[in-house]
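Peer 1: Would you mind keeping the following structure in view while I ask a few things?
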Amino acid sequence: MADVKIGAYICKGCGIGERLDAKQMMQVASRDAKAHLVREHEFLCNAEGVQMIKNDIANEGVNRVAICACSRRSKTDAFNFEGVAITRGNIREGVIWVRPNTEEARETTQEMAEDYVRMAVIEAKFMTPPSKNTEAKYDRTILVVGGGVSGMTSAIEAAKAGYPVHIVEKASALGGNAANFLRRVPQKSPYANPEDSGVAGLIKAIQADSKIKVHLNSTITRTSGAPGRFAVDITTESGATATEHFGAIVQATGFHDYDANKLPELGYGKSPNVVTQLELEKMAKAANGAVLKTKDGKEIKSVVFVQCAGQRSSKEGHLPYCSGHCCSTSIKQAMYFKDQNPTIDTNVIYSDLRTPGTGGEEFYRSGQRKGVTFTKGVVSEVVNGSDGLDVKFKDLILNQDVVEKADLVVLATGMIANSGVNIDEVKQDEPGEWKSSPESVLNLSYRQGKDIPLLKHGFNDSHFICFPYETRRTGIYTTGPVRRPMDLLQAQEDATGAALKAIQSIESAAQGLAVHPRVGDLSFPSFRREGCTQCKRCTVECPFGAIDEDEQRFPVFNESRCRRCGTCMGACPVRVISFENYSVDTVGQQLKNINIPEEFEEKPRILVLACENDAYPALDMAAMRKIEYSAWARIIPVRCLGSVNLIWLTDALNSGYDGVVMMGCQKGENYQCHFVKGSEIAQVRMSKVDDTLKTLNLEVERVATYEVAITDIERAPRLINDMAEAVKKVGLSPFKF
Amino acid sequence: MGDMNVVKVEAYRNSFLKEVEANVEGGQWVKMCMQCGVCSGSCPLGSAWDHPPQELFMMIRAGKREEVLTSSSMWMCTSCYNCIVRCPRDLPITHIMHGLAHYAERLGLAPKNQPTRKFAKLFWNNLVKKGRVNELKLGVALYFMNGLVEGIKTALKMAPLGLNMLKTKRMNPLEYVGGHGIKDAAGLQAILKKARAIELAKAKKA
Ligand code: SF4
Ligand code: SF4
Ligand code: SF4
């Protein structure tokens, strides 16, 4: 790497020139922060300004660019220079837009701006232009685990996009659960009648596609590697194992039926004429159009469908969630009877009839038109009666207890995800003692466990709204009902999305680029082996299981699995983990170089560490609305609160900051954290801050950690002002030298 | 489960629903109700009904023939059309209410003393006589709808109003004897008779 040469650029556009003394800022950049070259410009983001910087890079050897202008979130296209490290001093959103344009505010506003200039130059000094991830590899083949409708759809879609695919299916045939369906809920207008399940068509398409290879009767006995270079052992029933290489993995392992034996009150197991939806589907398929009969050979003349059987219930052993497809499925199955013989009575007893999707409501109406009865009620018991089954229920509209006779009772039981082992309960084998587990789906050799972490109720879902496909294992995407309960149509759409994510991950891995959420980031964490104490904190805390351990218990970073959150860097007690463009120093040196005024000046300093995903944009938006906040604040964006190393806090407090505010994303069940667990881990870590404060003899009010959402536009500045107030109360820090 | 209120009928088997579909105006719509309750919530009088529209529809589906047809509920409908406007399933609720009332009346099951029903009968009989409503007679008949004593009381209470109307020539006392009608009242009655015969024939067929 050539010598460090920092170019600092002060923009005077957007009113900066009128509000701030640019000459003074230039002096700070060159004299205090030691930038090698300092220039000002009337409008830095215009073609001429950008060209000026480019010229300096080309002719003056500038390899670190500190742009002191607008927020790092603005003008990213203009200020995009290859091969150099770029930092941004936020003197527009961070200074002039949040401070009043008054005579008495002028001095503190200028100080703020000068600090940001200083910080930008210092950050640049401790940065290295990121170079490519050295382990970048490019295997274009996609592995699809599971040959049901989701898996087959993913495979077909990926193959259509030109990527070779292998499907691994445990059973002896493709098709999964849907292979048992007589027909499916309609997916096309007018959504009136059940239609062909489409399974045969998918199987045919796969057989005809030379890009898709199918492994039947096979399971996965080991998965190792990372995006772009997965090595997967595929083992057949007979025990023969072949190792194949893949760029990305789609896990479409689907669901299995809830065990209806847990519902004896609904007659399951007591009468052969109480069946689950899946069992009725098999019966109907076997009958293939013939009149459906009870187990004792009687023609079925009346059917009661019991919705939410053992689901949406808080009872022990029941499923707390809604499986999403069962109302429509019951309508479809009632039609099997009605279409054959309209005099057959079909009664769907529901507590809430939910038919999601475009055609759902139409299909419901169609069922009503065909004479299916829908009754809002709760079934308490199904027993063998004198003549068939007695279904006891409470009619919730008429508020009466009813006993209805039925020849057949169909239970709408829920879906349970085939998500493998729960890695929170089943720990990974020790290095060197790794064995494959028959319960596991992927048999990952990863340090953190053999399967994908679960989110809720055994499903692998990731953030439902913001990044639905992402799992906490980079390059492995779950899809279909293993991710969350869904119907066939949703599963097909979902599977298409997962195929696209897999392709994206392969292409990113090939170039050594990060995927969501720091898409395109070239940097990756590296660690100084000599300094490492093998404490394992990084390998345990990495939300993405990117770090393995070698046999000596040293961390092994898998760069393409890494999402660049920096949680490992925040975790490391000896601070040996860093990124080229983000390290303990890039932040630590910034906060050390902020000018701390002498105590008598009575100008407190508040350090704000704000998550770049939510809190920092919220503050930017507050600035756009000209919401003012304290001139004492100095804000440093962090990748994730999880990347905050305690040393930053200790350093800040030791060097005389009067308060520290940390802003991360919401944690817990409804988390907003882009790195899923980053903010949660940070909060655990920060719980130790009180001890630090005590040893320094400082008031606990000086440090505050908040969950801030991107929409907290009014609140985020208020939190800063709250700290300014708190500092006023407890007084200035005694650590100012 | 208290056995007393357990209904052991061939309920929810659509038999009464089919009867309604065949005999009641708009009856074929009943099965399309999705029990959202918007109609009951929208009906300005709904809270005063024994069974607001949504409930009536569920009762029909639950085979409660007797209870539905002898109910006073559908007689409470004032034809404000609030429910029709709001029903997400487009049920012609108002029409079904009148259809049900009419069917119950035809079967002789309608509650005899339901005031709306009584008034409807007075109105109809008054109208068909001469082809025009005789307001004076209708008004007086209404006063005496609930018996002689109450009729006299009401009449006395309303007397000043009547005198004022007489003074301002808003009321012609001679209307009480005879009163004017349409040209061919007999023709109208013949038409109505024929209509009734057709209706009965249709009902028998169903
Ligand atoms: S903690 Fe974050 S930055 Fe560190 S290895 Fe894991 S994903 Fe990468
Ligand atoms: S508003 Fe319509 S759909 Fe809703 S309960 Fe009334 S009739 Fe039924
Ligand atoms: S039309 Fe009749 S039933 Fe409908 S809201 Fe009005 S009064 Fe009630």
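Letters A, B, ... go to the chains of the structure tokens in the order shown; residues in each chain start at 1; ligands are counted from 1 in the same order.
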Using only C-alpha atoms, select each residue of chain A with any atom at most 6 Å away from an atom of chain B, and give the selection as a PyMOL selection string.
Peer 2: chain A and resi 345+368+401-402
Peer 1: Quick one: which chain A residues come within 12 Å of ligand 2, and what is the nearest atom pair for each with the distance in Å to one decimal, counting only C-alpha atoms and all ligand atoms, rows ordered by chain and ascending number, as a Markdown table?
Peer 2:
```
| residue | atom | partner | partner_atom_place_in_ligand_line | distance |
| --- | --- | --- | --- | --- |
| A:Arg365 | CA | ligand 2 | 3 (S) | 10.7 |
| A:Gln368 | CA | ligand 2 | 3 (S) | 11.6 |
| A:Phe374 | CA | ligand 2 | 8 (Fe) | 11.7 |
| A:Lys376 | CA | ligand 2 | 5 (S) | 11.7 |
| A:Ile397 | CA | ligand 2 | 5 (S) | 10.2 |
```
Peer 1: Need the shell around Phe579 in chain A: protein/DNA/RNA residues with any atom at most 10 Å away, counting only C-alpha atoms. Skip same-chain ones fewer than 2 positions apart. Format as a JSON list (two decimals) with all heavy atoms, in the first residue's frame?
Peer 2:
```json
[["chain", "number", "residue", "atom", "x", "y", "z"],
["A", 127, "MET", "N", -8.14, 4.52, 7.76],
["A", 127, "MET", "CA", -8.83, 3.62, 6.84],
["A", 127, "MET", "C", -7.89, 3.14, 5.77],
["A", 127, "MET", "O", -6.94, 3.83, 5.42],
["A", 127, "MET", "CB", -9.93, 4.40, 6.14],
["A", 127, "MET", "CG", -11.29, 4.10, 6.59],
["A", 127, "MET", "SD", -12.35, 4.81, 5.34],
["A", 127, "MET", "CE", -13.87, 4.78, 6.18],
["A", 128, "THR", "N", -8.20, 1.99, 5.22],
["A", 128, "THR", "CA", -7.46, 1.50, 4.07],
["A", 128, "THR", "C", -8.49, 1.30, 2.97],
["A", 128, "THR", "O", -9.59, 0.84, 3.27],
["A", 128, "THR", "CB", -6.83, 0.13, 4.38],
["A", 128, "THR", "OG1", -6.30, 0.18, 5.70],
["A", 128, "THR", "CG2", -5.74, -0.22, 3.41],
["A", 130, "PRO", "N", -10.66, -0.57, 0.75],
["A", 130, "PRO", "CA", -10.91, -2.01, 0.83],
["A", 130, "PRO", "C", -10.46, -2.75, -0.43],
["A", 130, "PRO", "O", -10.70, -2.28, -1.54],
["A", 130, "PRO", "CB", -12.43, -2.10, 0.99],
["A", 130, "PRO", "CG", -12.97, -0.75, 0.81],
["A", 130, "PRO", "CD", -11.87, 0.23, 0.78],
["A", 522, "LEU", "N", -17.04, -4.15, -0.05],
["A", 522, "LEU", "CA", -15.89, -4.99, -0.37],
["A", 522, "LEU", "C", -15.14, -5.45, 0.87],
["A", 522, "LEU", "O", -14.42, -6.44, 0.85],
["A", 522, "LEU", "CB", -14.93, -4.21, -1.26],
["A", 522, "LEU", "CG", -15.11, -4.32, -2.78],
["A", 522, "LEU", "CD1", -14.15, -3.38, -3.46],
["A", 522, "LEU", "CD2", -14.89, -5.74, -3.25],
["A", 523, "SER", "N", -15.24, -4.67, 1.93],
["A", 523, "SER", "CA", -14.41, -4.96, 3.09],
["A", 523, "SER", "C", -14.88, -6.22, 3.80],
["A", 523, "SER", "O", -16.00, -6.67, 3.62],
["A", 523, "SER", "CB", -14.45, -3.80, 4.06],
["A", 523, "SER", "OG", -15.72, -3.74, 4.66],
["A", 524, "PHE", "N", -14.02, -6.79, 4.58],
["A", 524, "PHE", "CA", -14.40, -7.96, 5.38],
["A", 524, "PHE", "C", -13.52, -7.95, 6.63],
["A", 524, "PHE", "O", -12.47, -7.32, 6.65],
["A", 524, "PHE", "CB", -14.20, -9.25, 4.58],
["A", 524, "PHE", "CG", -12.83, -9.37, 3.99],
["A", 524, "PHE", "CD1", -11.79, -9.91, 4.73],
["A", 524, "PHE", "CD2", -12.57, -8.90, 2.71],
["A", 524, "PHE", "CE1", -10.53, -9.99, 4.20],
["A", 524, "PHE", "CE2", -11.30, -8.98, 2.18],
["A", 524, "PHE", "CZ", -10.26, -9.52, 2.91],
["A", 525, "PRO", "N", -13.95, -8.62, 7.66],
["A", 525, "PRO", "CA", -13.18, -8.55, 8.89],
["A", 525, "PRO", "C", -11.91, -9.42, 8.83],
["A", 525, "PRO", "O", -11.93, -10.48, 8.22],
["A", 525, "PRO", "CB", -14.14, -9.10, 9.95],
["A", 525, "PRO", "CG", -15.09, -9.95, 9.19],
["A", 525, "PRO", "CD", -15.16, -9.43, 7.80],
["A", 526, "SER", "N", -10.87, -8.91, 9.43],
["A", 526, "SER", "CA", -9.68, -9.74, 9.55],
["A", 526, "SER", "C", -9.21, -9.65, 10.99],
["A", 526, "SER", "O", -9.58, -8.72, 11.71],
["A", 526, "SER", "CB", -8.59, -9.23, 8.60],
["A", 526, "SER", "OG", -8.30, -7.90, 8.90],
["A", 527, "PHE", "N", -8.45, -10.59, 11.44],
["A", 527, "PHE", "CA", -8.03, -10.55, 12.83],
["A", 527, "PHE", "C", -6.54, -10.85, 12.94],
["A", 527, "PHE", "O", -5.95, -11.52, 12.10],
["A", 527, "PHE", "CB", -8.88, -11.47, 13.69],
["A", 527, "PHE", "CG", -8.39, -12.88, 13.78],
["A", 527, "PHE", "CD1", -7.96, -13.40, 14.99],
["A", 527, "PHE", "CD2", -8.36, -13.70, 12.66],
["A", 527, "PHE", "CE1", -7.52, -14.71, 15.08],
["A", 527, "PHE", "CE2", -7.93, -15.00, 12.75],
["A", 527, "PHE", "CZ", -7.50, -15.52, 13.95],
["A", 564, "ARG", "N", -20.75, -8.15, 7.35],
["A", 564, "ARG", "CA", -20.02, -6.90, 7.64],
["A", 564, "ARG", "C", -20.71, -6.05, 8.70],
["A", 564, "ARG", "O", -20.74, -4.82, 8.62],
["A", 564, "ARG", "CB", -19.86, -6.04, 6.38],
["A", 564, "ARG", "CG", -18.84, -6.49, 5.37],
["A", 564, "ARG", "CD", -19.14, -7.79, 4.71],
["A", 564, "ARG", "NE", -18.31, -7.98, 3.51],
["A", 564, "ARG", "CZ", -18.24, -9.11, 2.83],
["A", 564, "ARG", "NH1", -18.92, -10.18, 3.21],
["A", 564, "ARG", "NH2", -17.49, -9.19, 1.76],
["A", 566, "GLY", "N", -19.88, -6.07, 11.92],
["A", 566, "GLY", "CA", -18.91, -5.62, 12.90],
["A", 566, "GLY", "C", -19.18, -6.09, 14.31],
["A", 566, "GLY", "O", -18.51, -5.67, 15.25],
["A", 569, "MET", "N", -16.19, -7.38, 15.88],
["A", 569, "MET", "CA", -15.26, -6.32, 16.24],
["A", 569, "MET", "C", -15.66, -5.70, 17.58],
["A", 569, "MET", "O", -14.82, -5.41, 18.44],
["A", 569, "MET", "CB", -15.29, -5.27, 15.14],
["A", 569, "MET", "CG", -14.43, -4.08, 15.34],
["A", 569, "MET", "SD", -14.53, -3.07, 13.83],
["A", 569, "MET", "CE", -15.23, -1.60, 14.51],
["A", 577, "ILE", "N", -9.90, -7.58, 15.91],
["A", 577, "ILE", "CA", -10.69, -7.73, 14.69],
["A", 577, "ILE", "C", -10.94, -6.35, 14.08],
["A", 577, "ILE", "O", -11.30, -5.41, 14.79],
["A", 577, "ILE", "CB", -12.03, -8.42, 14.99],
["A", 577, "ILE", "CG1", -11.79, -9.79, 15.64],
["A", 577, "ILE", "CG2", -12.86, -8.58, 13.72],
["A", 577, "ILE", "CD1", -13.03, -10.48, 16.12],
["A", 581, "ASN", "N", -12.04, -0.61, 6.23],
["A", 581, "ASN", "CA", -12.66, 0.71, 6.26],
["A", 581, "ASN", "C", -13.48, 0.95, 7.52],
["A", 581, "ASN", "O", -14.27, 1.88, 7.59],
["A", 581, "ASN", "CB", -13.54, 0.90, 5.02],
["A", 581, "ASN", "CG", -14.55, -0.22, 4.88],
["A", 581, "ASN", "OD1", -14.65, -1.09, 5.74],
["A", 581, "ASN", "ND2", -15.31, -0.18, 3.80],
["A", 582, "TYR", "N", -13.32, 0.08, 8.52],
["A", 582, "TYR", "CA", -14.10, 0.26, 9.75],
["A", 582, "TYR", "C", -13.38, -0.52, 10.83],
["A", 582, "TYR", "O", -13.23, -1.74, 10.73],
["A", 582, "TYR", "CB", -15.51, -0.31, 9.54],
["A", 582, "TYR", "CG", -16.47, -0.06, 10.68],
["A", 582, "TYR", "CD1", -16.78, 1.22, 11.09],
["A", 582, "TYR", "CD2", -17.10, -1.12, 11.31],
["A", 582, "TYR", "CE1", -17.69, 1.45, 12.11],
["A", 582, "TYR", "CE2", -18.02, -0.91, 12.33],
["A", 582, "TYR", "CZ", -18.31, 0.38, 12.72],
["A", 582, "TYR", "OH", -19.22, 0.60, 13.73],
["A", 583, "SER", "N", -12.90, 0.19, 11.82],
["A", 583, "SER", "CA", -12.12, -0.52, 12.83],
["A", 583, "SER", "C", -12.25, 0.19, 14.17],
["A", 583, "SER", "O", -12.85, 1.26, 14.27],
["A", 583, "SER", "CB", -10.65, -0.56, 12.41],
["A", 583, "SER", "OG", -10.13, 0.75, 12.40],
["A", 584, "VAL", "N", -11.67, -0.41, 15.18],
["A", 584, "VAL", "CA", -11.67, 0.20, 16.49],
["A", 584, "VAL", "C", -11.03, 1.58, 16.38],
["A", 584, "VAL", "O", -11.46, 2.54, 17.02],
["A", 584, "VAL", "CB", -10.92, -0.70, 17.50],
["A", 584, "VAL", "CG1", -10.73, 0.02, 18.82],
["A", 584, "VAL", "CG2", -11.71, -1.99, 17.71],
["A", 586, "THR", "N", -10.82, 3.57, 13.45],
["A", 586, "THR", "CA", -11.51, 4.58, 12.63],
["A", 586, "THR", "C", -12.54, 5.34, 13.47],
["A", 586, "THR", "O", -12.76, 6.52, 13.27],
["A", 586, "THR", "CB", -12.21, 3.99, 11.39],
["A", 586, "THR", "OG1", -13.15, 3.02, 11.82],
["A", 586, "THR", "CG2", -11.24, 3.41, 10.39]]
```
Peer 1: Calculate how many Å separate CA of Glu362 in chain A from CA of Cys39 in chain B, rounding to one decimal.
Peer 2: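 Atom-to-atom, CA of Glu362 in chain A and CA of Cys39 in chain B are spaced 20.5 Å apart.
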Peer 1: From the list A:Glu580, A:Glu244, A:Glu316, A:Asp429, which residue is nearest ligand 1 when using only C-alpha atoms and all ligand atoms?
Peer 2: A:Glu580
Peer 1: Neighbours of ligand 3 within 9 Å, counting only C-alpha atoms and all ligand atoms, as a ChimeraX atom specification?
Peer 2: /B:39-46,52-53,74-85,92-98
Peer 1: Counting only C-alpha atoms, which of A:Cys535, A:Val409, A:Ala66, A:Ala136 gets nearest to Lys5 in chain A?
Peer 2: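 Smallest separation from Lys5 in chain A among the options: A:Ala66.
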Peer 1: Can you measure CA of Glu628 in chain A to CA of Pro717 in chain A for me? One decimal in Å is fine.
Peer 2: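 Distance between the two atoms: 7.1 Å.
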Peer 1: Produce a table with one row for each residue of chain A that has an atom at most 6 Å from any atom of ligand 1, each row naming the nearest atom pair and its distance in Å at one decimal; use only C-alpha atoms and all ligand atoms; arrange rows by chain and rising residue number; format as JSON lines.
Peer 2:
```
{"residue": "A:Pro525", "atom": "CA", "partner": "ligand 1", "partner_atom_place_in_ligand_line": "3 (S)", "distance": 5.9}
{"residue": "A:Cys542", "atom": "CA", "partner": "ligand 1", "partner_atom_place_in_ligand_line": "1 (S)", "distance": 3.6}
{"residue": "A:Pro543", "atom": "CA", "partner": "ligand 1", "partner_atom_place_in_ligand_line": "6 (Fe)", "distance": 5.9}
{"residue": "A:Phe544", "atom": "CA", "partner": "ligand 1", "partner_atom_place_in_ligand_line": "7 (S)", "distance": 5.2}
{"residue": "A:Ala546", "atom": "CA", "partner": "ligand 1", "partner_atom_place_in_ligand_line": "6 (Fe)", "distance": 5.0}
{"residue": "A:Ile547", "atom": "CA", "partner": "ligand 1", "partner_atom_place_in_ligand_line": "5 (S)", "distance": 5.7}
{"residue": "A:Cys562", "atom": "CA", "partner": "ligand 1", "partner_atom_place_in_ligand_line": "8 (Fe)", "distance": 3.7}
{"residue": "A:Arg563", "atom": "CA", "partner": "ligand 1", "partner_atom_place_in_ligand_line": "7 (S)", "distance": 4.2}
{"residue": "A:Arg564", "atom": "CA", "partner": "ligand 1", "partner_atom_place_in_ligand_line": "3 (S)", "distance": 3.8}
{"residue": "A:Cys565", "atom": "CA", "partner": "ligand 1", "partner_atom_place_in_ligand_line": "2 (Fe)", "distance": 3.9}
{"residue": "A:Gly566", "atom": "CA", "partner": "ligand 1", "partner_atom_place_in_ligand_line": "3 (S)", "distance": 3.8}
{"residue": "A:Thr567", "atom": "CA", "partner": "ligand 1", "partner_atom_place_in_ligand_line": "1 (S)", "distance": 4.0}
{"residue": "A:Cys568", "atom": "CA", "partner": "ligand 1", "partner_atom_place_in_ligand_line": "1 (S)", "distance": 4.0}
```
Peer 1: Using only C-alpha atoms, which residues sit within 12 Å of Ala190 in chain B once same-chain residues fewer than 6 positions away are excluded, as a ChimeraX atom specification?
Peer 2: /B:128-129,131,184,196-197
Peer 1: I'd like the neighbourhood of Trp632 in chain A as number ranges by chain, where a residue qualifies if any of its atoms comes within 7 Å (using only C-alpha atoms), though same-chain residues fewer than 5 positions away should be ignored.
Peer 2: A: 603-606
